[in-house]
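Just below is one structure, and these are the notes that go with it.
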Amino acid sequence: MSKILILYYSRTGNTEKMAKAVAEGAKTIQGVEVDLSYNATPETMSNFDAIIFGVPTYHHDMTVGMRNLFEEVAVKDISLKGKIGAAFGSYGWSGEAPKLALEIMKNKFEMQLIEPPLLIKYTPDQAGLENCRALGKRVAERLIHTA
Ligand SMILES: Cc1cc2nc3c(=O)[nH]c(=O)nc-3n(C[C@H](O)[C@H](O)[C@H](O)COP(=O)(O)O)c2cc1C
């Protein structure tokens, strides 16, 4: 069974709504196991075949917890090479965080990215949630086809 981790942070619940919809979409594809999580260690991340990061933008950046996790993966030299990766996040006006996450996933971790990142302004509406489901489905389909 191929495994997808959806790892997110959300302070006011917007990115969390997105994360739940991404998980719903991924679960529509048979043969994948989906884990929706608020916390992960670099070691657990290495047990998954695909990782989708949910990162809201605060102060033109990812949140400190997410940045520290990326830092820890690098320091511990945990290999995420070749895993499928994608990113999404709620934002208010500039929305840098998912792009920053993807940059590190691509250049440092050498993951295979599904781009562009999915950005939704503040609270996702029905159309936004549908885009989140589509992202989850796309990642799951890619995983099944490369497994
Ligand atoms: C203190 C603070 C700083 C913020 N900084 C930014 C920012 O630099 N760029 C941006 O696009 N949105 C910014 N926002 C807006 C948040 O990204 C937005 O409220 C988002 O929906 C939060 O997602 P969450 O509910 O998943 O935490 C900021 C919000 C707060 C409260």
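FYI, nothing fancy with the structure tokens labels: chains A, B, ... in order, residues from 1 per chain, ligands from 1 as they appear.
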Which chains and residue numbers are within 9 Å of ligand 1, counting only C-alpha atoms and all ligand atoms, if I want them as a PDB file with N, CA, C and O atoms, in the first residue's frame?
```pdb
ATOM      1  N   TYR A   8       0.214  19.378   8.194  1.00  0.00           N
ATOM      2  CA  TYR A   8      -0.172  20.784   8.099  1.00  0.00           C
ATOM      3  C   TYR A   8      -0.061  21.489   9.446  1.00  0.00           C
ATOM      4  O   TYR A   8      -0.018  20.869  10.503  1.00  0.00           O
ATOM      5  N   TYR A   9      -0.041  22.804   9.354  1.00  0.00           N
ATOM      6  CA  TYR A   9      -0.163  23.656  10.529  1.00  0.00           C
ATOM      7  C   TYR A   9      -1.305  24.623  10.223  1.00  0.00           C
ATOM      8  O   TYR A   9      -1.499  25.021   9.068  1.00  0.00           O
ATOM      9  N   SER A  10      -2.055  24.991  11.233  1.00  0.00           N
ATOM     10  CA  SER A  10      -3.117  25.979  11.018  1.00  0.00           C
ATOM     11  C   SER A  10      -3.424  26.655  12.341  1.00  0.00           C
ATOM     12  O   SER A  10      -3.698  25.989  13.334  1.00  0.00           O
ATOM     13  N   ARG A  11      -3.360  27.974  12.356  1.00  0.00           N
ATOM     14  CA  ARG A  11      -3.618  28.682  13.614  1.00  0.00           C
ATOM     15  C   ARG A  11      -5.093  29.013  13.757  1.00  0.00           C
ATOM     16  O   ARG A  11      -5.649  28.918  14.836  1.00  0.00           O
ATOM     17  N   THR A  12      -5.738  29.410  12.668  1.00  0.00           N
ATOM     18  CA  THR A  12      -7.147  29.809  12.775  1.00  0.00           C
ATOM     19  C   THR A  12      -8.086  28.890  11.983  1.00  0.00           C
ATOM     20  O   THR A  12      -9.241  29.224  11.764  1.00  0.00           O
ATOM     21  N   GLY A  13      -7.569  27.749  11.550  1.00  0.00           N
ATOM     22  CA  GLY A  13      -8.439  26.715  10.979  1.00  0.00           C
ATOM     23  C   GLY A  13      -8.589  26.699   9.462  1.00  0.00           C
ATOM     24  O   GLY A  13      -9.177  25.769   8.918  1.00  0.00           O
ATOM     25  N   ASN A  14      -8.073  27.718   8.763  1.00  0.00           N
ATOM     26  CA  ASN A  14      -8.286  27.765   7.313  1.00  0.00           C
ATOM     27  C   ASN A  14      -7.479  26.691   6.575  1.00  0.00           C
ATOM     28  O   ASN A  14      -8.007  25.971   5.730  1.00  0.00           O
ATOM     29  N   THR A  15      -6.200  26.596   6.904  1.00  0.00           N
ATOM     30  CA  THR A  15      -5.374  25.564   6.262  1.00  0.00           C
ATOM     31  C   THR A  15      -5.829  24.171   6.701  1.00  0.00           C
ATOM     32  O   THR A  15      -5.729  23.206   5.941  1.00  0.00           O
ATOM     33  N   GLU A  16      -6.381  24.084   7.901  1.00  0.00           N
ATOM     34  CA  GLU A  16      -6.904  22.786   8.369  1.00  0.00           C
ATOM     35  C   GLU A  16      -8.091  22.342   7.503  1.00  0.00           C
ATOM     36  O   GLU A  16      -8.186  21.170   7.125  1.00  0.00           O
ATOM     37  N   LYS A  17      -8.971  23.268   7.160  1.00  0.00           N
ATOM     38  CA  LYS A  17     -10.101  22.918   6.276  1.00  0.00           C
ATOM     39  C   LYS A  17      -9.566  22.425   4.933  1.00  0.00           C
ATOM     40  O   LYS A  17     -10.073  21.459   4.358  1.00  0.00           O
ATOM     41  N   MET A  18      -8.536  23.120   4.443  1.00  0.00           N
ATOM     42  CA  MET A  18      -7.924  22.698   3.179  1.00  0.00           C
ATOM     43  C   MET A  18      -7.344  21.292   3.324  1.00  0.00           C
ATOM     44  O   MET A  18      -7.540  20.432   2.458  1.00  0.00           O
ATOM     45  N   GLY A  54       0.868  21.450   4.310  1.00  0.00           N
ATOM     46  CA  GLY A  54      -0.098  22.531   4.422  1.00  0.00           C
ATOM     47  C   GLY A  54       0.492  23.638   5.271  1.00  0.00           C
ATOM     48  O   GLY A  54       0.688  23.463   6.479  1.00  0.00           O
ATOM     49  N   VAL A  55       0.797  24.762   4.623  1.00  0.00           N
ATOM     50  CA  VAL A  55       1.536  25.818   5.319  1.00  0.00           C
ATOM     51  C   VAL A  55       0.901  27.199   5.109  1.00  0.00           C
ATOM     52  O   VAL A  55       1.020  27.792   4.039  1.00  0.00           O
ATOM     53  N   PRO A  56       0.243  27.742   6.129  1.00  0.00           N
ATOM     54  CA  PRO A  56      -0.281  29.106   6.015  1.00  0.00           C
ATOM     55  C   PRO A  56       0.875  30.114   6.048  1.00  0.00           C
ATOM     56  O   PRO A  56       1.949  29.796   6.564  1.00  0.00           O
ATOM     57  N   THR A  57       0.628  31.283   5.479  1.00  0.00           N
ATOM     58  CA  THR A  57       1.671  32.319   5.489  1.00  0.00           C
ATOM     59  C   THR A  57       1.479  33.256   6.673  1.00  0.00           C
ATOM     60  O   THR A  57       0.401  33.839   6.837  1.00  0.00           O
ATOM     61  N   TYR A  58       2.498  33.384   7.489  1.00  0.00           N
ATOM     62  CA  TYR A  58       2.527  34.379   8.570  1.00  0.00           C
ATOM     63  C   TYR A  58       3.823  35.164   8.432  1.00  0.00           C
ATOM     64  O   TYR A  58       4.897  34.566   8.311  1.00  0.00           O
ATOM     65  N   HIS A  59       3.723  36.480   8.411  1.00  0.00           N
ATOM     66  CA  HIS A  59       4.905  37.346   8.316  1.00  0.00           C
ATOM     67  C   HIS A  59       5.778  36.967   7.128  1.00  0.00           C
ATOM     68  O   HIS A  59       6.992  36.822   7.252  1.00  0.00           O
ATOM     69  N   HIS A  60       5.126  36.758   5.984  1.00  0.00           N
ATOM     70  CA  HIS A  60       5.821  36.443   4.723  1.00  0.00           C
ATOM     71  C   HIS A  60       6.647  35.176   4.799  1.00  0.00           C
ATOM     72  O   HIS A  60       7.653  35.040   4.096  1.00  0.00           O
ATOM     73  N   ASP A  61       6.251  34.250   5.641  1.00  0.00           N
ATOM     74  CA  ASP A  61       7.097  33.069   5.843  1.00  0.00           C
ATOM     75  C   ASP A  61       6.237  31.872   6.250  1.00  0.00           C
ATOM     76  O   ASP A  61       5.050  32.012   6.553  1.00  0.00           O
ATOM     77  N   GLY A  89      -1.776  26.071   1.098  1.00  0.00           N
ATOM     78  CA  GLY A  89      -1.907  26.859   2.309  1.00  0.00           C
ATOM     79  C   GLY A  89      -2.843  28.039   2.137  1.00  0.00           C
ATOM     80  O   GLY A  89      -3.010  28.555   1.026  1.00  0.00           O
ATOM     81  N   SER A  90      -3.447  28.429   3.225  1.00  0.00           N
ATOM     82  CA  SER A  90      -4.265  29.630   3.238  1.00  0.00           C
ATOM     83  C   SER A  90      -3.350  30.844   3.434  1.00  0.00           C
ATOM     84  O   SER A  90      -2.288  30.742   4.048  1.00  0.00           O
ATOM     85  N   TYR A  91      -3.788  31.972   2.893  1.00  0.00           N
ATOM     86  CA  TYR A  91      -2.995  33.200   3.027  1.00  0.00           C
ATOM     87  C   TYR A  91      -3.934  34.396   3.049  1.00  0.00           C
ATOM     88  O   TYR A  91      -5.139  34.261   2.813  1.00  0.00           O
ATOM     89  N   GLY A  92      -3.371  35.558   3.312  1.00  0.00           N
ATOM     90  CA  GLY A  92      -4.183  36.767   3.352  1.00  0.00           C
ATOM     91  C   GLY A  92      -3.901  37.714   2.214  1.00  0.00           C
ATOM     92  O   GLY A  92      -4.812  38.262   1.600  1.00  0.00           O
ATOM     93  N   TRP A  93      -2.608  37.963   1.909  1.00  0.00           N
ATOM     94  CA  TRP A  93      -2.296  38.941   0.859  1.00  0.00           C
ATOM     95  C   TRP A  93      -1.036  38.634   0.063  1.00  0.00           C
ATOM     96  O   TRP A  93      -0.927  39.047  -1.091  1.00  0.00           O
ATOM     97  N   SER A  94      -0.101  37.885   0.613  1.00  0.00           N
ATOM     98  CA  SER A  94       1.129  37.658  -0.159  1.00  0.00           C
ATOM     99  C   SER A  94       1.392  36.171  -0.420  1.00  0.00           C
ATOM    100  O   SER A  94       1.888  35.818  -1.498  1.00  0.00           O
ATOM    101  N   GLY A  95       1.082  35.306   0.521  1.00  0.00           N
ATOM    102  CA  GLY A  95       1.092  33.857   0.288  1.00  0.00           C
ATOM    103  C   GLY A  95       2.421  33.203  -0.051  1.00  0.00           C
ATOM    104  O   GLY A  95       2.477  32.289  -0.876  1.00  0.00           O
ATOM    105  N   GLU A  96       3.499  33.606   0.603  1.00  0.00           N
ATOM    106  CA  GLU A  96       4.809  33.022   0.274  1.00  0.00           C
ATOM    107  C   GLU A  96       5.019  31.584   0.746  1.00  0.00           C
ATOM    108  O   GLU A  96       5.805  30.841   0.164  1.00  0.00           O
ATOM    109  N   ALA A  97       4.368  31.187   1.862  1.00  0.00           N
ATOM    110  CA  ALA A  97       4.765  29.952   2.558  1.00  0.00           C
ATOM    111  C   ALA A  97       4.779  28.688   1.688  1.00  0.00           C
ATOM    112  O   ALA A  97       5.784  27.968   1.690  1.00  0.00           O
ATOM    113  N   ILE A 120      -5.112  29.461  -1.146  1.00  0.00           N
ATOM    114  CA  ILE A 120      -6.479  29.952  -1.014  1.00  0.00           C
ATOM    115  C   ILE A 120      -6.498  31.117  -0.033  1.00  0.00           C
ATOM    116  O   ILE A 120      -5.927  31.039   1.067  1.00  0.00           O
ATOM    117  N   LYS A 121      -7.149  32.202  -0.483  1.00  0.00           N
ATOM    118  CA  LYS A 121      -7.204  33.410   0.344  1.00  0.00           C
ATOM    119  C   LYS A 121      -8.183  33.195   1.503  1.00  0.00           C
ATOM    120  O   LYS A 121      -9.363  32.889   1.252  1.00  0.00           O
ATOM    121  N   TYR A 122      -7.682  33.317   2.724  1.00  0.00           N
ATOM    122  CA  TYR A 122      -8.459  33.127   3.953  1.00  0.00           C
ATOM    123  C   TYR A 122      -9.232  31.801   3.946  1.00  0.00           C
ATOM    124  O   TYR A 122      -8.667  30.771   3.657  1.00  0.00           O
ATOM    125  N   THR A 123     -10.554  31.857   4.201  1.00  0.00           N
ATOM    126  CA  THR A 123     -11.314  30.608   4.377  1.00  0.00           C
ATOM    127  C   THR A 123     -11.724  30.020   3.026  1.00  0.00           C
ATOM    128  O   THR A 123     -12.283  30.736   2.193  1.00  0.00           O
ATOM    129  N   PRO A 124     -11.449  28.733   2.807  1.00  0.00           N
ATOM    130  CA  PRO A 124     -11.828  28.157   1.509  1.00  0.00           C
ATOM    131  C   PRO A 124     -13.341  28.074   1.336  1.00  0.00           C
ATOM    132  O   PRO A 124     -14.057  27.687   2.270  1.00  0.00           O
TER     133      PRO A 124
END
```
Please identify the alpha helix (DSSP H) residues within chain A (assignment by DSSP from backbone atoms) and present them as a ChimeraX atom specification. /A:14-27,42-45,64-75,97-107,126-146
Near Leu5 of chain A, counting only C-alpha atoms, which residues have an atom at most 7 Å away, once you skip same-chain residues fewer than 4 positions from it, shown as an MDAnalysis selection string? chainID A and resid 34:36 48 50:52
Find, counting only C-alpha atoms, the residue in A:Ala40, A:Leu7, A:Glu103, A:Phe88 that gets nearest to Leu129 of chain A.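 Selected residue with least distance to Leu129 of chain A: A:Phe88.
Atom to atom, atom CA of Gly25 of chain A and atom CA of Ile78 of chain A stand 28.0 Å apart.
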Between A:Glu130, A:Ser2, A:Leu118, A:Glu72, which one has atoms that come closest to Gln30 of chain A, using only C-alpha atoms? A:Ser2
Name the residues in contact with Glu33 of chain A at a cut-off of 9 Å, using only C-alpha atoms, excluding same-chain residues fewer than 5 positions from it; report them as a PyMOL selection string. chain A and resi 1-5+26-27
Near Lys81 of chain A, counting only C-alpha atoms, which residues have an atom at most 10 Å away, once you skip same-chain residues fewer than 2 positions from it, shown as an NGL selection string? :A and (46 or 78-79 or 83-84 or 105-106 or 108-112)
What's around Leu143 of chain A at 8 Å? Count only C-alpha atoms, leave out sequence neighbours fewer than 2 positions away in its own chain, and write the answer as a list of chain:residue names. A:Ser2, A:Asp49, A:Ala50, A:Ile84, A:Val139, A:Ala140, A:Glu141, A:His145, A:Thr146, A:Ala147
With distances taken over only C-alpha atoms, which residue among A:Ala74, A:Leu113, A:Ala87, A:Leu69 lies nearest Cys132 of chain A? A:Ala87
